Amino acid sequence: MVRLDENEISFPDPELYDGHDGLIAFGGDLSVERVWFAYQLGIFPWFNPGEEILWWSPDPRFVLFPEELKVSKSMRKILNKGIFTFSENKSFREVILNCQQTSRKGQTGTWLSDELMESFIRLHEYGLAKSIEVWQNGELVGGFYGLMIGNVFCGESMFAKVSNASKAGFIHFVETNRENLNLIDCQSHTEHLESLGAKMIPKKEFLKILHQNNERR
């Protein structure tokens, strides 16, 4: 594992360096420039607030190919009923704040620190991060956010205040962006996303797709 220099924005090559469980570096900072550079390399920060910044590039990688999206009959009925409406980039700050405040099974706190949250908000202002909002009766009830690296969407976090809200938003996002979306990086395994068709692929394959799509930008 490599300690990062706060005065230099650089990372070990994730193709050549395999840290324990995908942890390849620590330290550095959460500047917009460093966070953006990390994601372009297939690296993301994940740590507990108040502790040292940890940078990860796991192998295998949990991803979803848009053409492999699975939509159950029950979810299709919900979508067809128009229970939810959707928007993009309408309430980025509210989405990321809800993601930060949502309690999660097996976690006593949040990994999304105020500093990291502000970095993503600035990346959104630069047009590099986007949010998907899910509404019900005019109220924000779900959503998620992430970064676009070419035609790869690097998903970060999602929340839902009512049943099926985040799942409906995810399906809507994939189905309405198929032409401009080659891959969704889900980072780490969740049963929620596996039920929608996400799967593990070798890190080497993920990095190849990421780099090819980034070059096309």
# chains A, B, ... in the order shown; residues from 1 in each chain; ligands from 1

$ residues_around --residues "A:Arg122" --least-positions-apart "5" --cutoff "12 Å" --atoms "only C-alpha atoms" --output "list in words"
Leu30, Ser31, Val32, Glu33, Val35, Trp36, Phe92, Arg93, Glu115, Leu116, Met117, Gly127, Leu128, Ala129, Lys130 and Leu147 of chain A

$ write_last_selection --atoms "C-alpha atoms" --output "PDB file, in the first residue's frame"
ATOM      1  CA  LEU A  30      -9.963  15.136  -1.418  1.00  0.00           C
ATOM      2  CA  SER A  31      -9.396  17.993  -3.817  1.00  0.00           C
ATOM      3  CA  VAL A  32     -11.575  18.026  -6.907  1.00  0.00           C
ATOM      4  CA  GLU A  33      -8.505  17.439  -9.076  1.00  0.00           C
ATOM      5  CA  VAL A  35     -10.819  12.801  -6.865  1.00  0.00           C
ATOM      6  CA  TRP A  36     -11.464  13.283 -10.585  1.00  0.00           C
ATOM      7  CA  PHE A  92     -27.824  17.171  -6.783  1.00  0.00           C
ATOM      8  CA  ARG A  93     -27.078  18.663  -3.370  1.00  0.00           C
ATOM      9  CA  GLU A 115     -15.234  17.218   2.614  1.00  0.00           C
ATOM     10  CA  LEU A 116     -15.851  14.425   0.098  1.00  0.00           C
ATOM     11  CA  MET A 117     -19.428  15.566  -0.346  1.00  0.00           C
ATOM     12  CA  GLY A 127     -20.548  19.029 -15.283  1.00  0.00           C
ATOM     13  CA  LEU A 128     -18.627  15.889 -14.296  1.00  0.00           C
ATOM     14  CA  ALA A 129     -20.976  14.452 -11.661  1.00  0.00           C
ATOM     15  CA  LYS A 130     -24.672  13.859 -12.092  1.00  0.00           C
ATOM     16  CA  LEU A 147     -19.396  10.505 -12.073  1.00  0.00           C
TER      17      LEU A 147
END

$ residues_around --residues "A:Phe37" --least-positions-apart "5" --cutoff "10 Å" --atoms "only C-alpha atoms" --output "PyMOL selection string"
chain A and resi 9-11+31-32+42-44

$ residues_around --residues "A:Ile184" --least-positions-apart "4" --cutoff "6 Å" --atoms "only C-alpha atoms" --output "list in words"
Val63, Leu64, Val152, Phe153 and Cys154 of chain A

$ select_by_dssp --residues "stretch 9-213 of chain A" --states "helix (DSSP H, G or I)" --output "number ranges by chain"
A: 20-22, 32-40, 66-68, 73-81, 92-101, 114-125, 165-176, 178-180, 191-194, 203-213

$ select_by_dssp --residues "stretch 59-130 of chain A" --states "strand (DSSP E)" --output "list in words"
Arg61, Phe62, Val63, Leu64, Thr85, Phe86, Ser87, Glu88, Ala129 and Lys130 of chain A

$ closest_residue --among "A:Asp13, A:Asp21, A:Glu68, A:Glu8" --to "A:Asn182" --atoms "only C-alpha atoms"
A:Glu68

$ atom_distance --atom1 "atom CA of A:Phe144" --atom2 "atom CA of A:Ile132"
5.5 Å

$ closest_atom_pairs --of "stretch 149-171 of chain A" --to "stretch 208-213 of chain A" --cutoff "9 Å" --atoms "only C-alpha atoms" --output "JSON lines"
{"residue": "A:Ile149", "atom": "CA", "partner": "A:Asn213", "partner_atom": "CA", "distance": 7.1}
{"residue": "A:Gly150", "atom": "CA", "partner": "A:Asn213", "partner_atom": "CA", "distance": 5.0}
{"residue": "A:Asn151", "atom": "CA", "partner": "A:Asn213", "partner_atom": "CA", "distance": 5.6}
{"residue": "A:Val152", "atom": "CA", "partner": "A:Leu210", "partner_atom": "CA", "distance": 6.5}

$ atom_distance --atom1 "atom CA of A:Ile96" --atom2 "atom CA of A:Ile121"
8.3 Å

$ closest_residue --among "A:Ser163, A:Thr190, A:Ser87, A:Gln136" --to "A:Thr176" --atoms "only C-alpha atoms"
A:Ser87

$ atom_distance --atom1 "atom CA of A:Gln40" --atom2 "atom CA of A:Met200"
19.5 Å

$ closest_residue --among "A:Asn180, A:Ser188, A:Ser131, A:Ser119" --to "A:Phe159" --atoms "only C-alpha atoms"
A:Ser131

$ residues_around --residues "A:Ile171" --least-positions-apart "3" --cutoff "12 Å" --atoms "only C-alpha atoms" --output "PyMOL selection string"
chain A and resi 64+66-72+75-76+78-79+84+86+132+134+143-144+164-168+174-178+184+193+195-197
